[in-house]
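**Student:** protein19.cif is reproduced in full below (mmCIF, C-alpha atoms).
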data_model
loop_
_atom_site.group_PDB
_atom_site.id
_atom_site.type_symbol
_atom_site.label_atom_id
_atom_site.label_comp_id
_atom_site.auth_asym_id
_atom_site.auth_seq_id
_atom_site.Cartn_x
_atom_site.Cartn_y
_atom_site.Cartn_z
ATOM 1 C CA THR A 1 86.610 93.412 77.879
ATOM 2 C CA GLY A 2 89.914 95.078 78.528
ATOM 3 C CA PRO A 3 92.084 96.113 81.453
ATOM 4 C CA TYR A 4 91.941 99.414 83.269
ATOM 5 C CA PHE A 5 95.115 101.400 82.809
ATOM 6 C CA LEU A 6 96.370 104.710 84.113
ATOM 7 C CA ASN A 7 96.513 107.521 81.568
ATOM 8 C CA GLY A 8 97.539 110.802 83.219
ATOM 9 C CA ASN A 9 94.935 111.480 85.901
ATOM 10 C CA TYR A 10 92.468 108.899 84.615
ATOM 11 C CA TYR A 11 91.944 105.174 84.628
ATOM 12 C CA GLU A 12 90.788 104.158 81.186
ATOM 13 C CA TYR A 13 88.881 101.170 79.923
ATOM 14 C CA ARG A 14 88.839 100.411 76.214
ATOM 15 C CA GLU A 15 86.889 97.795 74.354
ATOM 16 C CA ALA A 16 87.325 97.232 70.649
ATOM 17 C CA ARG A 17 84.994 94.944 68.727
ATOM 18 C CA ALA A 18 85.127 93.991 65.108
ATOM 19 C CA SER A 19 81.359 94.461 64.776
ATOM 20 C CA LEU A 20 81.517 98.059 66.066
ATOM 21 C CA GLN A 21 82.639 100.994 63.971
ATOM 22 C CA THR A 22 84.054 102.817 66.999
ATOM 23 C CA THR A 23 85.912 101.836 70.132
ATOM 24 C CA LYS A 24 83.942 102.013 73.366
ATOM 25 C CA TYR A 25 85.833 103.541 76.286
ATOM 26 C CA PHE A 26 85.325 105.455 79.494
ATOM 27 C CA ARG A 27 87.508 107.242 82.033
ATOM 28 C CA LEU A 28 87.489 107.276 85.822
ATOM 29 C CA ARG A 29 89.153 110.297 87.394
ATOM 30 C CA TYR A 30 91.179 109.787 90.549
ATOM 31 C CA PRO A 31 92.289 112.503 93.008
ATOM 32 C CA GLY A 32 95.992 112.274 92.162
ATOM 33 C CA VAL A 33 97.187 109.924 94.884
ATOM 34 C CA ILE A 34 96.590 106.202 94.893
ATOM 35 C CA VAL A 35 97.000 104.500 98.253
ATOM 36 C CA LEU A 36 97.286 100.740 98.270
ATOM 37 C CA THR A 37 96.909 99.247 101.712
ATOM 38 C CA PRO A 38 98.376 95.819 102.232
ATOM 39 C CA THR A 39 96.313 92.842 103.240
ATOM 40 C CA GLN A 40 95.708 92.451 106.950
ATOM 41 C CA PRO A 41 98.467 90.410 108.628
ATOM 42 C CA GLN A 42 97.683 87.545 110.947
ATOM 43 C CA LEU A 43 98.294 88.462 114.582
ATOM 44 C CA SER A 44 99.423 85.463 116.627
ATOM 45 C CA LEU A 45 99.335 85.071 120.388
ATOM 46 C CA SER A 46 101.395 82.556 122.311
ATOM 47 C CA LEU A 47 102.097 82.117 125.999
ATOM 48 C CA ALA A 48 105.470 82.166 127.724
ATOM 49 C CA PRO A 49 106.059 81.984 131.496
ATOM 50 C CA ASN A 50 104.177 85.003 132.950
ATOM 51 C CA GLN A 51 104.019 86.632 129.500
ATOM 52 C CA ARG A 52 101.961 86.797 126.357
ATOM 53 C CA VAL A 53 103.851 87.002 123.074
ATOM 54 C CA LEU A 54 102.133 88.751 120.161
ATOM 55 C CA SER A 55 103.707 88.398 116.727
ATOM 56 C CA TRP A 56 103.049 89.142 113.050
ATOM 57 C CA PRO A 57 105.066 88.739 109.827
ATOM 58 C CA LEU A 58 107.955 91.131 109.218
ATOM 59 C CA ALA A 59 106.599 91.920 105.733
ATOM 60 C CA TYR A 60 103.871 94.054 107.362
ATOM 61 C CA VAL A 61 105.881 97.140 108.287
ATOM 62 C CA GLY A 62 103.770 100.176 109.180
ATOM 63 C CA PHE A 63 101.073 98.489 111.227
ATOM 64 C CA THR A 64 100.460 99.664 114.802
ATOM 65 C CA LEU A 65 99.742 97.141 117.545
ATOM 66 C CA GLU A 66 96.874 98.333 119.757
ATOM 67 C CA MET A 67 95.021 96.962 122.787
ATOM 68 C CA THR A 68 91.865 97.592 124.788
ATOM 69 C CA THR A 69 90.301 96.007 127.851
ATOM 70 C CA ASN A 70 86.683 96.547 126.797
ATOM 71 C CA LEU A 71 85.007 96.142 123.400
ATOM 72 C CA ALA A 72 81.839 98.013 124.387
ATOM 73 C CA ALA A 73 81.211 101.247 122.487
ATOM 74 C CA PRO A 74 82.914 103.615 122.468
ATOM 75 C CA THR A 75 85.984 101.392 122.265
ATOM 76 C CA VAL A 76 89.244 103.153 123.096
ATOM 77 C CA TRP A 77 92.331 101.522 121.569
ATOM 78 C CA THR A 78 95.766 102.237 123.068
ATOM 79 C CA PRO A 79 98.912 101.933 120.914
ATOM 80 C CA LEU A 80 101.572 99.520 122.192
ATOM 81 C CA ASN A 81 104.737 101.218 120.977
ATOM 82 C CA GLY A 82 107.208 98.451 121.654
ATOM 83 C CA PRO A 83 109.951 97.620 121.828
ATOM 84 C CA TYR A 84 109.344 95.118 119.051
ATOM 85 C CA VAL A 85 111.867 92.336 118.659
ATOM 86 C CA ILE A 86 112.481 90.684 115.292
ATOM 87 C CA THR A 87 112.518 86.893 115.606
ATOM 88 C CA ASN A 88 112.364 84.346 112.776
ATOM 89 C CA GLY A 89 110.882 86.788 110.261
ATOM 90 C CA HIS A 90 108.259 88.177 112.666
ATOM 91 C CA PHE A 91 107.787 91.267 114.790
ATOM 92 C CA GLU A 92 107.361 90.153 118.383
ATOM 93 C CA PHE A 93 105.926 92.054 121.361
ATOM 94 C CA ARG A 94 106.001 90.648 124.883
ATOM 95 C CA ARG A 95 103.571 91.741 127.577
ATOM 96 C CA SER A 96 103.200 90.649 131.206
ATOM 97 C CA ALA A 97 100.317 88.275 131.788
ATOM 98 C CA PRO A 98 97.196 90.020 133.159
ATOM 99 C CA GLY A 99 95.741 89.274 136.554
ATOM 100 C CA THR A 100 92.937 86.806 137.142
ATOM 101 C CA ASN A 101 89.561 87.658 135.577
ATOM 102 C CA SER A 102 90.932 90.407 133.348
ATOM 103 C CA ALA A 103 90.671 90.591 129.581
ATOM 104 C CA GLU A 104 92.766 92.305 126.933
ATOM 105 C CA PHE A 105 91.988 92.551 123.216
ATOM 106 C CA TYR A 106 94.538 93.269 120.487
ATOM 107 C CA ARG A 107 94.522 94.433 116.891
ATOM 108 C CA LEU A 108 96.899 95.634 114.186
ATOM 109 C CA ARG A 109 95.885 98.923 112.576
ATOM 110 C CA TRP A 110 97.217 100.368 109.303
#
Any chance you could put this one into structure tokens?
**Tutor:**
Amino acid sequence: TGPYFLNGNYYEYREARASLQTTKYFRLRYPGVIVLTPTQPQLSLSLAPNQRVLSWPLAYVGFTLEMTTNLAAPTVWTPLNGPYVITNGHFEFRRSAPGTNSAEFYRLRW
């Protein structure tokens, strides 16, 4: 086997074998733009007096923090636009603690 490599607008795979008279290869066409999305960061939640603190590693720039109060379909996610504070290599977002018997769910979206 051999690696896939980019050749113009194609990914190519080549396989040469001593027992074969020709080299076997194929091409995969791509649309011209390759988008690599990073792995999903870990979102952490900690409690401070009357606040919740959400944080994730600083290496994950470009993610949007979102929240909802209900996960039933159709789920509507609301962006939490900050301000985000940078602390010890993490983005940090502080939010007032909810009232009794209320729920909030959070996610990071690319």
**Student:** Mind pulling up the distance from CA of Thr64 (chain A) to CA of Arg109 (chain A)?
**Tutor:**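 Taking CA of Arg109 (chain A) as the start and CA of Thr64 (chain A) as the end point, the length is 5.1 Å.
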**Student:** List the spatial neighbours of Arg94 (chain A) as an mmCIF file with C-alpha atoms, in the frame of the given file - criterion: any atom at most 7 Å away, all atoms listed in the file, same-chain residues fewer than 2 positions off excluded.
**Tutor:**
data_model
loop_
_atom_site.group_PDB
_atom_site.id
_atom_site.type_symbol
_atom_site.label_atom_id
_atom_site.label_comp_id
_atom_site.auth_asym_id
_atom_site.auth_seq_id
_atom_site.Cartn_x
_atom_site.Cartn_y
_atom_site.Cartn_z
ATOM 1 C CA GLN A 51 104.019 86.632 129.500
ATOM 2 C CA ARG A 52 101.961 86.797 126.357
ATOM 3 C CA VAL A 53 103.851 87.002 123.074
ATOM 4 C CA LEU A 54 102.133 88.751 120.161
ATOM 5 C CA GLU A 92 107.361 90.153 118.383
ATOM 6 C CA SER A 96 103.200 90.649 131.206
#
**Student:** Which is closer to Thr87 (chain A) than all the others in A:Gly99, A:Pro74, A:Gly62, A:Pro57, using only C-alpha atoms?
**Tutor:**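 Answer, going by the shortest atom-to-atom distance: A:Pro57.
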**Student:** Which residues would end up in the selection if the PyMOL selection byres ((chain A and resi 42) around 10) were applied here, given that I need the answer as a VMD selection string?
**Tutor:** chain A and resid 39 to 41 43 to 45 55 to 57 60 107 to 108
**Student:** Could the residues in this selection be saved with C-alpha atoms as a PDB file, in the frame of the given file?
**Tutor:**
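Result saved to selection-v5.pdb:
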ATOM      1  CA  THR A  39      96.313  92.842 103.240  1.00  0.00           C
ATOM      2  CA  GLN A  40      95.708  92.451 106.950  1.00  0.00           C
ATOM      3  CA  PRO A  41      98.467  90.410 108.628  1.00  0.00           C
ATOM      4  CA  LEU A  43      98.294  88.462 114.582  1.00  0.00           C
ATOM      5  CA  SER A  44      99.423  85.463 116.627  1.00  0.00           C
ATOM      6  CA  LEU A  45      99.335  85.071 120.388  1.00  0.00           C
ATOM      7  CA  SER A  55     103.707  88.398 116.727  1.00  0.00           C
ATOM      8  CA  TRP A  56     103.049  89.142 113.050  1.00  0.00           C
ATOM      9  CA  PRO A  57     105.066  88.739 109.827  1.00  0.00           C
ATOM     10  CA  TYR A  60     103.871  94.054 107.362  1.00  0.00           C
ATOM     11  CA  ARG A 107      94.522  94.433 116.891  1.00  0.00           C
ATOM     12  CA  LEU A 108      96.899  95.634 114.186  1.00  0.00           C
TER      13      LEU A 108
END
**Student:** Residues at most 9 Å from Thr69 (chain A), counting only C-alpha atoms, excluding those fewer than 3 positions away in the same chain, as a ChimeraX atom specification?
**Tutor:** /A:75-77,102-106
**Student:** Export, as a tab-separated table (two decimals), in the coordinates of the input, the selected residues with C-alpha atoms.
**Tutor:**
chain	number	residue	atom	x	y	z
A	75	THR	CA	85.98	101.39	122.26
A	76	VAL	CA	89.24	103.15	123.10
A	77	TRP	CA	92.33	101.52	121.57
A	102	SER	CA	90.93	90.41	133.35
A	103	ALA	CA	90.67	90.59	129.58
A	104	GLU	CA	92.77	92.30	126.93
A	105	PHE	CA	91.99	92.55	123.22
A	106	TYR	CA	94.54	93.27	120.49
**Student:** Record the distance separating CA of Val85 (chain A) and CA of Leu58 (chain A), expressed in Å with one decimal.
**Tutor:** 10.3 Å
**Student:** Excluding Pro79 (chain A) and any residue of its chain fewer than 2 positions from it, enumerate the residues within 6 Å of it, using only C-alpha atoms, and give them as an MDAnalysis selection string.
**Tutor:** chainID A and resid 65:66 81
**Student:** Got time to write the residues from that selection, C-alpha atoms, as a CSV table (one decimal), keeping the file's coordinate frame?
**Tutor:**
chain,number,residue,atom,x,y,z
A,65,LEU,CA,99.7,97.1,117.5
A,66,GLU,CA,96.9,98.3,119.8
A,81,ASN,CA,104.7,101.2,121.0
**Student:** Compare A:Ala73, A:Leu80, A:Arg95, A:Gly89 by their minimum atom-to-atom distance to Val61 (chain A), counting only C-alpha atoms, and give me the closest one.
**Tutor:**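 So, comparing all the options, the nearest one is A:Gly89.
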**Student:** Would you work out the distance separating CA of Leu47 (chain A) from CA of Ala72 (chain A), expressed in Å to one decimal?
**Tutor:**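 Computed distance, CA of Leu47 (chain A) to CA of Ala72 (chain A), equals 25.8 Å.
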**Student:** What are the centre and the three edge lengths of an axis-aligned box that wraps all atoms of region 71-83 of chain A in the file, given that 5 Å is added to every side, written as AutoDock Vina command-line options and rounded to one decimal in Å?
**Tutor:**
--center_x 95.6 --center_y 99.9 --center_z 122.7 --size_x 38.7 --size_y 17.5 --size_z 13.5
